[in-house]
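Here is final.pdb, consisting of PDB, C-alpha atoms:
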```
ATOM      1  CA  MET A   1     -17.670 -39.346  39.974
ATOM      2  CA  GLY A   2     -19.348 -40.612  43.119
ATOM      3  CA  GLN A   3     -18.842 -42.703  46.235
ATOM      4  CA  ALA A   4     -21.551 -44.901  47.828
ATOM      5  CA  LEU A   5     -21.677 -48.389  49.368
ATOM      6  CA  CYS A   6     -17.855 -48.594  49.222
ATOM      7  CA  CYS A   7     -17.871 -48.055  45.418
ATOM      8  CA  VAL A   8     -16.476 -45.113  43.537
ATOM      9  CA  GLN A   9     -16.962 -44.034  39.895
ATOM     10  CA  VAL A  10     -14.233 -42.269  37.912
ATOM     11  CA  ASP A  11     -15.432 -40.456  34.805
ATOM     12  CA  GLN A  12     -13.756 -40.529  31.416
ATOM     13  CA  SER A  13     -10.748 -38.191  30.998
ATOM     14  CA  TYR A  14     -10.175 -38.224  34.760
ATOM     15  CA  VAL A  15      -8.141 -40.290  37.176
ATOM     16  CA  ALA A  16      -8.664 -40.608  40.906
ATOM     17  CA  ILE A  17      -5.991 -40.602  43.593
ATOM     18  CA  LYS A  18      -6.580 -43.403  46.113
ATOM     19  CA  GLU A  19      -5.134 -43.138  49.610
ATOM     20  CA  SER A  20      -4.999 -45.532  52.501
ATOM     21  CA  PHE A  21      -5.021 -43.839  55.906
ATOM     22  CA  GLY A  22      -3.730 -40.635  54.231
ATOM     23  CA  LYS A  23      -0.953 -42.352  52.253
ATOM     24  CA  PHE A  24      -0.946 -42.602  48.474
ATOM     25  CA  GLU A  25      -1.813 -46.070  47.339
ATOM     26  CA  GLU A  26      -2.665 -46.026  43.608
ATOM     27  CA  VAL A  27      -4.166 -44.136  40.682
ATOM     28  CA  LEU A  28      -7.671 -45.216  39.689
ATOM     29  CA  ASN A  29      -8.481 -45.088  35.972
ATOM     30  CA  PRO A  30     -11.949 -44.275  34.578
ATOM     31  CA  GLY A  31     -14.610 -46.810  35.652
ATOM     32  CA  CYS A  32     -16.107 -48.253  38.835
ATOM     33  CA  HIS A  33     -13.809 -49.227  41.717
ATOM     34  CA  PHE A  34     -14.346 -50.907  45.090
ATOM     35  CA  LEU A  35     -13.331 -48.617  47.922
ATOM     36  CA  PRO A  36     -13.772 -49.991  51.457
ATOM     37  CA  TRP A  37     -13.703 -46.708  53.280
ATOM     38  CA  VAL A  38     -14.401 -48.470  56.541
ATOM     39  CA  VAL A  39     -10.775 -49.702  56.516
ATOM     40  CA  GLY A  40      -9.235 -46.307  55.788
ATOM     41  CA  LYS A  41      -9.496 -46.313  52.014
ATOM     42  CA  GLN A  42     -10.510 -42.995  50.441
ATOM     43  CA  ILE A  43     -10.289 -40.795  47.361
ATOM     44  CA  ALA A  44      -7.921 -37.892  47.923
ATOM     45  CA  GLY A  45      -8.984 -36.130  44.730
ATOM     46  CA  TYR A  46      -9.489 -36.276  41.002
ATOM     47  CA  LEU A  47      -7.145 -35.143  38.257
ATOM     48  CA  SER A  48      -8.293 -34.096  34.771
ATOM     49  CA  LEU A  49      -6.390 -35.459  31.787
ATOM     50  CA  ARG A  50      -7.934 -33.004  29.358
ATOM     51  CA  VAL A  51      -5.915 -30.346  27.582
ATOM     52  CA  GLN A  52      -6.253 -27.059  29.455
ATOM     53  CA  GLN A  53      -5.370 -23.545  28.326
ATOM     54  CA  LEU A  54      -3.847 -20.722  30.298
ATOM     55  CA  ASP A  55      -3.597 -17.176  28.881
ATOM     56  CA  VAL A  56      -0.808 -15.130  30.424
ATOM     57  CA  ARG A  57      -0.383 -11.365  30.021
ATOM     58  CA  CYS A  58       3.143 -10.190  30.697
ATOM     59  CA  GLU A  59       4.337  -6.585  30.571
ATOM     60  CA  THR A  60       7.968  -6.073  29.629
ATOM     61  CA  LYS A  61      10.303  -3.694  27.800
ATOM     62  CA  THR A  62      12.014  -4.094  24.432
ATOM     63  CA  LYS A  63      15.622  -3.286  23.607
ATOM     64  CA  ASP A  64      14.602   0.129  22.209
ATOM     65  CA  ASN A  65      12.833   1.001  25.507
ATOM     66  CA  VAL A  66       9.242   0.419  24.396
ATOM     67  CA  PHE A  67       6.904  -1.112  26.956
ATOM     68  CA  VAL A  68       4.773  -3.893  25.515
ATOM     69  CA  THR A  69       2.242  -6.381  26.838
ATOM     70  CA  VAL A  70       2.894  -9.901  25.558
ATOM     71  CA  VAL A  71      -0.058 -12.287  25.595
ATOM     72  CA  ALA A  72       0.976 -15.952  25.683
ATOM     73  CA  SER A  73      -1.378 -18.902  25.436
ATOM     74  CA  VAL A  74      -0.151 -22.151  27.011
ATOM     75  CA  GLN A  75      -1.918 -25.470  26.408
ATOM     76  CA  TYR A  76      -1.000 -28.232  28.868
ATOM     77  CA  ARG A  77      -2.322 -31.492  30.364
ATOM     78  CA  ALA A  78      -1.512 -33.926  33.125
ATOM     79  CA  LEU A  79       0.069 -37.264  32.190
ATOM     80  CA  ALA A  80      -1.794 -40.364  33.338
ATOM     81  CA  ASP A  81       1.407 -42.280  34.094
ATOM     82  CA  LYS A  82       2.645 -39.371  36.242
ATOM     83  CA  ALA A  83      -0.650 -38.558  37.915
ATOM     84  CA  GLU A  84       0.890 -38.973  41.388
ATOM     85  CA  ASP A  85       3.472 -36.215  40.698
ATOM     86  CA  ALA A  86       0.877 -33.959  39.073
ATOM     87  CA  PHE A  87      -1.444 -34.269  42.064
ATOM     88  CA  TYR A  88       1.002 -34.064  44.971
ATOM     89  CA  LYS A  89       3.961 -31.963  43.805
ATOM     90  CA  LEU A  90       2.154 -28.794  42.736
ATOM     91  CA  SER A  91      -0.337 -26.897  44.817
ATOM     92  CA  ASN A  92      -1.266 -24.434  42.053
ATOM     93  CA  THR A  93      -0.373 -25.519  38.542
ATOM     94  CA  ARG A  94      -1.586 -22.384  36.784
ATOM     95  CA  GLU A  95       0.463 -20.017  38.926
ATOM     96  CA  GLN A  96       3.545 -22.185  38.435
ATOM     97  CA  ILE A  97       3.163 -22.101  34.651
ATOM     98  CA  GLN A  98       2.530 -18.352  34.738
ATOM     99  CA  SER A  99       5.750 -17.775  36.686
ATOM    100  CA  TYR A 100       7.808 -19.661  34.090
ATOM    101  CA  VAL A 101       6.154 -17.765  31.245
ATOM    102  CA  PHE A 102       6.944 -14.433  32.927
ATOM    103  CA  ASP A 103      10.556 -15.487  33.438
ATOM    104  CA  VAL A 104      11.147 -16.534  29.812
ATOM    105  CA  ILE A 105       9.343 -13.587  28.199
ATOM    106  CA  ARG A 106      11.100 -11.023  30.393
ATOM    107  CA  ALA A 107      14.423 -12.638  29.513
ATOM    108  CA  SER A 108      13.797 -12.847  25.746
ATOM    109  CA  VAL A 109      11.917  -9.706  24.702
ATOM    110  CA  PRO A 110      14.389  -7.159  26.192
ATOM    111  CA  LYS A 111      17.007  -8.514  23.762
ATOM    112  CA  LEU A 112      14.890  -7.510  20.745
ATOM    113  CA  ASN A 113      13.788  -4.237  19.212
ATOM    114  CA  LEU A 114      10.061  -3.673  18.848
ATOM    115  CA  ASP A 115       9.958  -4.552  15.142
ATOM    116  CA  ASP A 116      12.079  -7.658  15.740
ATOM    117  CA  ALA A 117       9.750  -8.768  18.542
ATOM    118  CA  PHE A 118       6.835  -8.794  16.097
ATOM    119  CA  GLU A 119       8.874 -10.696  13.529
ATOM    120  CA  GLN A 120      10.231 -13.260  16.014
ATOM    121  CA  LYS A 121       7.022 -14.181  17.808
ATOM    122  CA  ASN A 122       7.543 -17.851  16.954
ATOM    123  CA  ASP A 123      11.055 -17.817  18.421
ATOM    124  CA  ILE A 124       9.737 -16.343  21.680
ATOM    125  CA  ALA A 125       6.958 -18.947  21.800
ATOM    126  CA  LYS A 126       9.488 -21.740  21.186
ATOM    127  CA  ALA A 127      11.696 -20.480  24.012
ATOM    128  CA  VAL A 128       8.722 -20.402  26.394
ATOM    129  CA  GLU A 129       7.634 -23.895  25.344
ATOM    130  CA  ASP A 130      11.119 -25.381  25.787
ATOM    131  CA  GLU A 131      11.504 -23.887  29.257
ATOM    132  CA  LEU A 132       8.041 -24.983  30.358
ATOM    133  CA  GLU A 133       8.519 -28.492  28.959
ATOM    134  CA  LYS A 134      11.756 -28.897  30.875
ATOM    135  CA  ALA A 135      10.321 -27.518  34.111
ATOM    136  CA  MET A 136       6.833 -29.039  34.109
ATOM    137  CA  SER A 137       7.817 -32.569  33.046
ATOM    138  CA  MET A 138       9.150 -33.271  36.552
ATOM    139  CA  TYR A 139       5.735 -32.369  37.935
ATOM    140  CA  GLY A 140       3.833 -34.754  35.670
ATOM    141  CA  TYR A 141       2.585 -32.225  33.106
ATOM    142  CA  GLU A 142       3.040 -32.081  29.347
ATOM    143  CA  ILE A 143       3.181 -28.764  27.446
ATOM    144  CA  VAL A 144       1.121 -29.346  24.302
ATOM    145  CA  GLN A 145       1.535 -25.977  22.611
ATOM    146  CA  THR A 146       2.688 -22.453  23.416
ATOM    147  CA  LEU A 147       1.613 -19.477  21.329
ATOM    148  CA  ILE A 148       2.392 -15.771  21.458
ATOM    149  CA  VAL A 149      -1.048 -14.552  20.415
ATOM    150  CA  ASP A 150      -0.457 -10.808  20.710
ATOM    151  CA  ILE A 151       2.129  -8.120  21.352
ATOM    152  CA  GLU A 152       0.542  -4.854  22.426
ATOM    153  CA  PRO A 153       2.753  -1.743  22.550
ATOM    154  CA  ASP A 154       1.767   1.317  24.528
ATOM    155  CA  GLU A 155      -1.070   3.317  22.966
ATOM    156  CA  HIS A 156       1.191   6.294  22.224
ATOM    157  CA  VAL A 157       3.693   3.995  20.518
ATOM    158  CA  LYS A 158       0.957   2.427  18.400
ATOM    159  CA  ARG A 159      -0.232   5.872  17.346
ATOM    160  CA  ALA A 160       3.327   6.895  16.434
ATOM    161  CA  MET A 161       3.843   3.700  14.438
ATOM    162  CA  ASN A 162       0.613   4.341  12.534
ATOM    163  CA  GLU A 163       1.676   7.931  11.814
ATOM    164  CA  ILE A 164       5.058   6.741  10.517
ATOM    165  CA  ASN A 165       3.351   4.202   8.290
ATOM    166  CA  ALA A 166       0.833   6.787   7.072
ATOM    167  CA  ALA A 167       3.620   9.307   6.325
ATOM    168  CA  ALA A 168       5.550   6.704   4.337
ATOM    169  CA  ARG A 169       2.465   5.820   2.310
ATOM    170  CA  LEU A 170       1.675   9.505   1.708
ATOM    171  CA  ARG A 171       5.246  10.066   0.520
ATOM    172  CA  LEU A 172       4.956   7.121  -1.839
ATOM    173  CA  ALA A 173       1.604   8.381  -3.109
ATOM    174  CA  ALA A 174       3.070  11.865  -3.673
ATOM    175  CA  ASN A 175       5.971  10.399  -5.651
ATOM    176  CA  GLU A 176       3.595   8.341  -7.784
ATOM    177  CA  LYS A 177       1.350  11.350  -8.357
ATOM    178  CA  ALA A 178       4.314  13.542  -9.347
ATOM    179  CA  GLU A 179       5.546  10.841 -11.714
ATOM    180  CA  ALA A 180       2.098  10.593 -13.289
ATOM    181  CA  GLU A 181       1.900  14.373 -13.733
ATOM    182  CA  LYS A 182       5.370  14.325 -15.266
ATOM    183  CA  ILE A 183       4.294  11.696 -17.778
ATOM    184  CA  LEU A 184       1.150  13.684 -18.607
ATOM    185  CA  GLN A 185       3.152  16.863 -19.173
ATOM    186  CA  ILE A 186       5.652  15.025 -21.363
ATOM    187  CA  LYS A 187       2.882  13.448 -23.424
ATOM    188  CA  ARG A 188       1.075  16.782 -23.658
ATOM    189  CA  ALA A 189       4.277  18.518 -24.827
ATOM    190  CA  GLU A 190       4.925  15.758 -27.350
ATOM    191  CA  GLY A 191       1.360  16.122 -28.628
ATOM    192  CA  GLU A 192       1.688  19.898 -28.935
ATOM    193  CA  ALA A 193       5.025  19.559 -30.740
ATOM    194  CA  GLU A 194       3.542  17.029 -33.158
ATOM    195  CA  SER A 195       0.477  19.224 -33.669
ATOM    196  CA  LYS A 196       2.593  22.301 -34.395
ATOM    197  CA  TYR A 197       4.801  20.310 -36.756
ATOM    198  CA  LEU A 198       1.805  19.029 -38.692
ATOM    199  CA  SER A 199       0.218  22.502 -38.680
ATOM    200  CA  GLY A 200       3.397  24.063 -40.034
ATOM    201  CA  LEU A 201       3.647  21.339 -42.645
ATOM    202  CA  GLY A 202       0.067  22.025 -43.693
ATOM    203  CA  ILE A 203       0.650  25.791 -43.895
ATOM    204  CA  ALA A 204       3.803  25.251 -45.965
ATOM    205  CA  ARG A 205       1.931  22.987 -48.358
ATOM    206  CA  GLN A 206      -0.936  25.448 -48.540
ATOM    207  CA  ARG A 207       1.387  28.297 -49.411
ATOM    208  CA  GLN A 208       3.185  26.166 -51.955
ATOM    209  CA  ALA A 209      -0.153  25.261 -53.520
ATOM    210  CA  ILE A 210      -1.169  28.946 -53.617
ATOM    211  CA  VAL A 211       2.102  29.914 -55.271
ATOM    212  CA  ASP A 212       1.801  27.120 -57.809
ATOM    213  CA  GLY A 213      -1.815  28.047 -58.524
ATOM    214  CA  LEU A 214      -0.983  31.717 -59.002
ATOM    215  CA  ARG A 215       1.892  30.848 -61.300
ATOM    216  CA  ASP A 216      -0.284  28.557 -63.402
ATOM    217  CA  SER A 217      -3.036  31.180 -63.537
ATOM    218  CA  VAL A 218      -0.672  33.924 -64.687
ATOM    219  CA  LEU A 219       0.882  31.717 -67.362
ATOM    220  CA  ALA A 220      -2.498  30.487 -68.622
ATOM    221  CA  PHE A 221      -4.031  33.963 -68.717
ATOM    222  CA  SER A 222      -1.001  35.458 -70.497
ATOM    223  CA  GLU A 223      -1.157  32.760 -73.171
ATOM    224  CA  ASN A 224      -4.918  33.043 -73.744
ATOM    225  CA  VAL A 225      -5.151  36.843 -73.622
ATOM    226  CA  PRO A 226      -2.439  38.458 -75.763
ATOM    227  CA  GLY A 227      -1.081  41.816 -74.621
ATOM    228  CA  THR A 228      -1.643  41.245 -70.867
ATOM    229  CA  SER A 229       1.219  41.490 -68.463
ATOM    230  CA  ALA A 230       1.848  39.660 -65.205
ATOM    231  CA  LYS A 231       0.843  42.811 -63.328
ATOM    232  CA  ASP A 232      -2.589  42.871 -64.978
ATOM    233  CA  VAL A 233      -3.148  39.233 -64.092
ATOM    234  CA  MET A 234      -2.150  39.752 -60.432
ATOM    235  CA  ASP A 235      -4.476  42.738 -60.140
ATOM    236  CA  MET A 236      -7.332  40.655 -61.435
ATOM    237  CA  VAL A 237      -6.466  37.781 -59.041
ATOM    238  CA  LEU A 238      -6.439  40.189 -56.112
ATOM    239  CA  VAL A 239      -9.845  41.549 -57.066
ATOM    240  CA  THR A 240     -11.218  37.998 -57.417
ATOM    241  CA  GLN A 241      -9.877  36.960 -54.020
ATOM    242  CA  TYR A 242     -11.258  40.131 -52.490
ATOM    243  CA  PHE A 243     -14.796  39.389 -53.657
ATOM    244  CA  ASP A 244     -14.467  35.728 -52.599
ATOM    245  CA  THR A 245     -13.509  36.880 -49.125
ATOM    246  CA  MET A 246     -16.475  39.263 -48.906
ATOM    247  CA  LYS A 247     -18.744  36.450 -50.002
ATOM    248  CA  GLU A 248     -17.476  34.124 -47.248
ATOM    249  CA  ILE A 249     -17.878  36.828 -44.593
ATOM    250  CA  GLY A 250     -21.454  37.442 -45.631
ATOM    251  CA  ALA A 251     -22.307  33.719 -45.680
ATOM    252  CA  SER A 252     -21.100  33.106 -42.097
ATOM    253  CA  SER A 253     -23.288  34.353 -39.277
ATOM    254  CA  LYS A 254     -20.740  33.750 -36.482
ATOM    255  CA  SER A 255     -17.592  35.151 -38.037
ATOM    256  CA  SER A 256     -15.591  37.903 -36.340
ATOM    257  CA  SER A 257     -14.691  40.272 -39.151
ATOM    258  CA  VAL A 258     -12.533  43.356 -39.573
ATOM    259  CA  PHE A 259     -13.885  45.663 -42.303
ATOM    260  CA  ILE A 260     -11.517  47.525 -44.597
ATOM    261  CA  PRO A 261     -12.246  49.773 -47.615
ATOM    262  CA  HIS A 262     -13.864  47.504 -50.149
ATOM    263  CA  GLY A 263     -14.190  49.446 -53.351
ATOM    264  CA  PRO A 264     -12.345  48.403 -56.545
ATOM    265  CA  GLY A 265     -10.138  51.450 -56.181
ATOM    266  CA  ALA A 266      -9.178  50.393 -52.671
ATOM    267  CA  VAL A 267      -8.103  47.025 -54.005
ATOM    268  CA  ARG A 268      -5.959  48.759 -56.599
ATOM    269  CA  ASP A 269      -4.431  50.942 -53.898
ATOM    270  CA  ILE A 270      -3.602  47.876 -51.772
ATOM    271  CA  ALA A 271      -1.996  46.175 -54.752
ATOM    272  CA  SER A 272      -0.009  49.326 -55.533
ATOM    273  CA  GLN A 273       1.173  49.613 -51.942
ATOM    274  CA  ILE A 274       2.324  45.980 -51.896
ATOM    275  CA  ARG A 275       4.061  46.328 -55.243
ATOM    276  CA  ASP A 276       5.701  49.638 -54.362
ATOM    277  CA  GLY A 277       6.883  48.235 -51.060
ATOM    278  CA  LEU A 278       8.512  45.291 -52.792
ATOM    279  CA  LEU A 279      10.152  47.484 -55.421
ATOM    280  CA  GLN A 280      11.372  49.943 -52.810
ATOM    281  CA  ALA A 281      12.911  47.135 -50.768
ATOM    282  CA  GLN A 282      14.743  45.849 -53.839
ATOM    283  CA  ASN A 283      15.997  49.249 -55.073
ATOM    284  CA  THR A 284      17.066  50.641 -51.713
ATOM    285  CA  LYS A 285      20.644  49.672 -50.860
ATOM    286  CA  PRO A 286      22.864  51.022 -48.042
ATOM    287  CA  ILE A 287      25.566  53.555 -49.053
ATOM    288  CA  ASN A 288      28.813  53.162 -47.082
ATOM    289  CA  GLY A 289      26.885  51.280 -44.447
ATOM    290  CA  ILE A 290      24.251  54.083 -44.087
ATOM    291  CA  HIS A 291      20.723  53.572 -45.322
ATOM    292  CA  PRO A 292      19.428  56.419 -47.572
ATOM    293  CA  ASP A 293      16.392  56.955 -45.321
ATOM    294  CA  PHE A 294      18.581  58.077 -42.445
TER     295      PHE A 294
END
```
Show the structure stored in the file as structure tokens.
Amino acid sequence: MGQALCCVQVDQSYVAIKESFGKFEEVLNPGCHFLPWVVGKQIAGYLSLRVQQLDVRCETKTKDNVFVTVVASVQYRALADKAEDAFYKLSNTREQIQSYVFDVIRASVPKLNLDDAFEQKNDIAKAVEDELEKAMSMYGYEIVQTLIVDIEPDEHVKRAMNEINAAARLRLAANEKAEAEKILQIKRAEGEAESKYLSGLGIARQRQAIVDGLRDSVLAFSENVPGTSAKDVMDMVLVTQYFDTMKEIGASSKSSSVFIPHGPGAVRDIASQIRDGLLQAQNTKPINGIHPDF
């Protein structure tokens, strides 16, 4: 943009306002123009047609009495066909736009709670854009876009919101942890129950096998050795098991053992005690509800 020898240059994306003796005459588009300044012709100023951005910070209060700072970003530009209005009608375009933004935000946000204000940012931006478009069009400006780029609550409110969120997440984590521990305990109990069932089943089968083996041994020995009684066979089985047990104890170096009298006579005494105990339990019957031992 320059003026020399009665010529003026208007750069791209700009228009020039031409006056004659202080009165508006015409709008000069980009290019070179003849300007006879000697007869009162002059350039009053230049107007940019580029999109400009204005960031506005507005402090207001929400419906639930929380003070917030709303940051709005307004993109606007002058219209070439209304360059005269844009140049002459407004002395400070940015302050005018800022005033309208303040008015709309302070009328919209107090109707919303804090959480709703975050959720309805687009609605607030649309309200600001509609109001600006209606107001600025008469001054030769177009509102390209309006954005609510940030809503900043007070620092204490932000800290409280974070604590509420953290508490909710901790509560959820505690519930999940308790549920996991519950599942582990249930599975552990089911495993123990199954283990005990299988152990009891194994012990029952073992005892059944022992009883069957003893019965077969007694019958086979009685048939092969005439004159032997079941008592003689059981005594011999007890002695055999006794020596097998002693052999296993001696073969294991890490066994915890309890030693009892281990002579043949001691085995006979143990067998006699077991047999006598069984016979005594069978022969002893209560008399008139009173046991003979009392």
message = Once the PyMOL selection byres ((chain A and resi 94) around 10) is applied to the coordinates I shared, what remains selected? I want it as a list in words.
response = Gln52, Gln53, Leu54, Asp55, Val56, Val74, Tyr76, Leu90, Ser91, Asn92, Thr93, Glu95, Gln96, Ile97, Gln98 and Ser99 of chain A
key: atom CA of Val68 of chain A to atom CA of Leu114 of chain A, distance in Å rounded to a single decimal   =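 Rounded to one decimal, the two atoms are 8.5 Å apart.
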query = Distance atom CA of Leu214 of chain A-atom CA of Lys196 of chain A, one decimal place?
reply =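 Distance reported for this atom pair: 26.6 Å.
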request  = Return as a PyMOL selection string the set of residues that the PyMOL selection byres ((chain A and resi 146-158) around 10) yields on the displayed structure.
outcome  = chain A and resi 53-62+66-76+101+105+114+117-118+120-130+132+143-145+159-164
query = Pick the closest to Ala80 of chain A from A:Glu181, A:Glu26, A:Asp235, A:Asp116: which is it, counting only C-alpha atoms?
reply =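 Ranking A:Glu181, A:Glu26, A:Asp235, A:Asp116 by distance to Ala80 of chain A, first place goes to A:Glu26.
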key: Proximity to Gln241 of chain A - best of A:Ile210, A:Phe34, A:Leu219, A:Arg171, all atoms listed in the file   =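 Smallest distance to Gln241 of chain A is found for A:Ile210.
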request  = List every protein, DNA or RNA residue that has an atom no more than 12 Å from (2.1, -37.8, 37.5) in the file's coordinate frame, counting all atoms listed in the file, and report them as a list of chain:residue names.
outcome  =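 Within the cut-off we find A:Val15, A:Ala16, A:Ile17, A:Glu26, A:Val27, A:Leu47, A:Ser48, A:Leu49, A:Arg77, A:Ala78, A:Leu79, A:Ala80, A:Asp81, A:Lys82, A:Ala83, A:Glu84, A:Asp85, A:Ala86, A:Phe87, A:Tyr88, A:Lys89, A:Leu90, A:Met136, A:Ser137, A:Met138, A:Tyr139, A:Gly140, A:Tyr141, A:Glu142.
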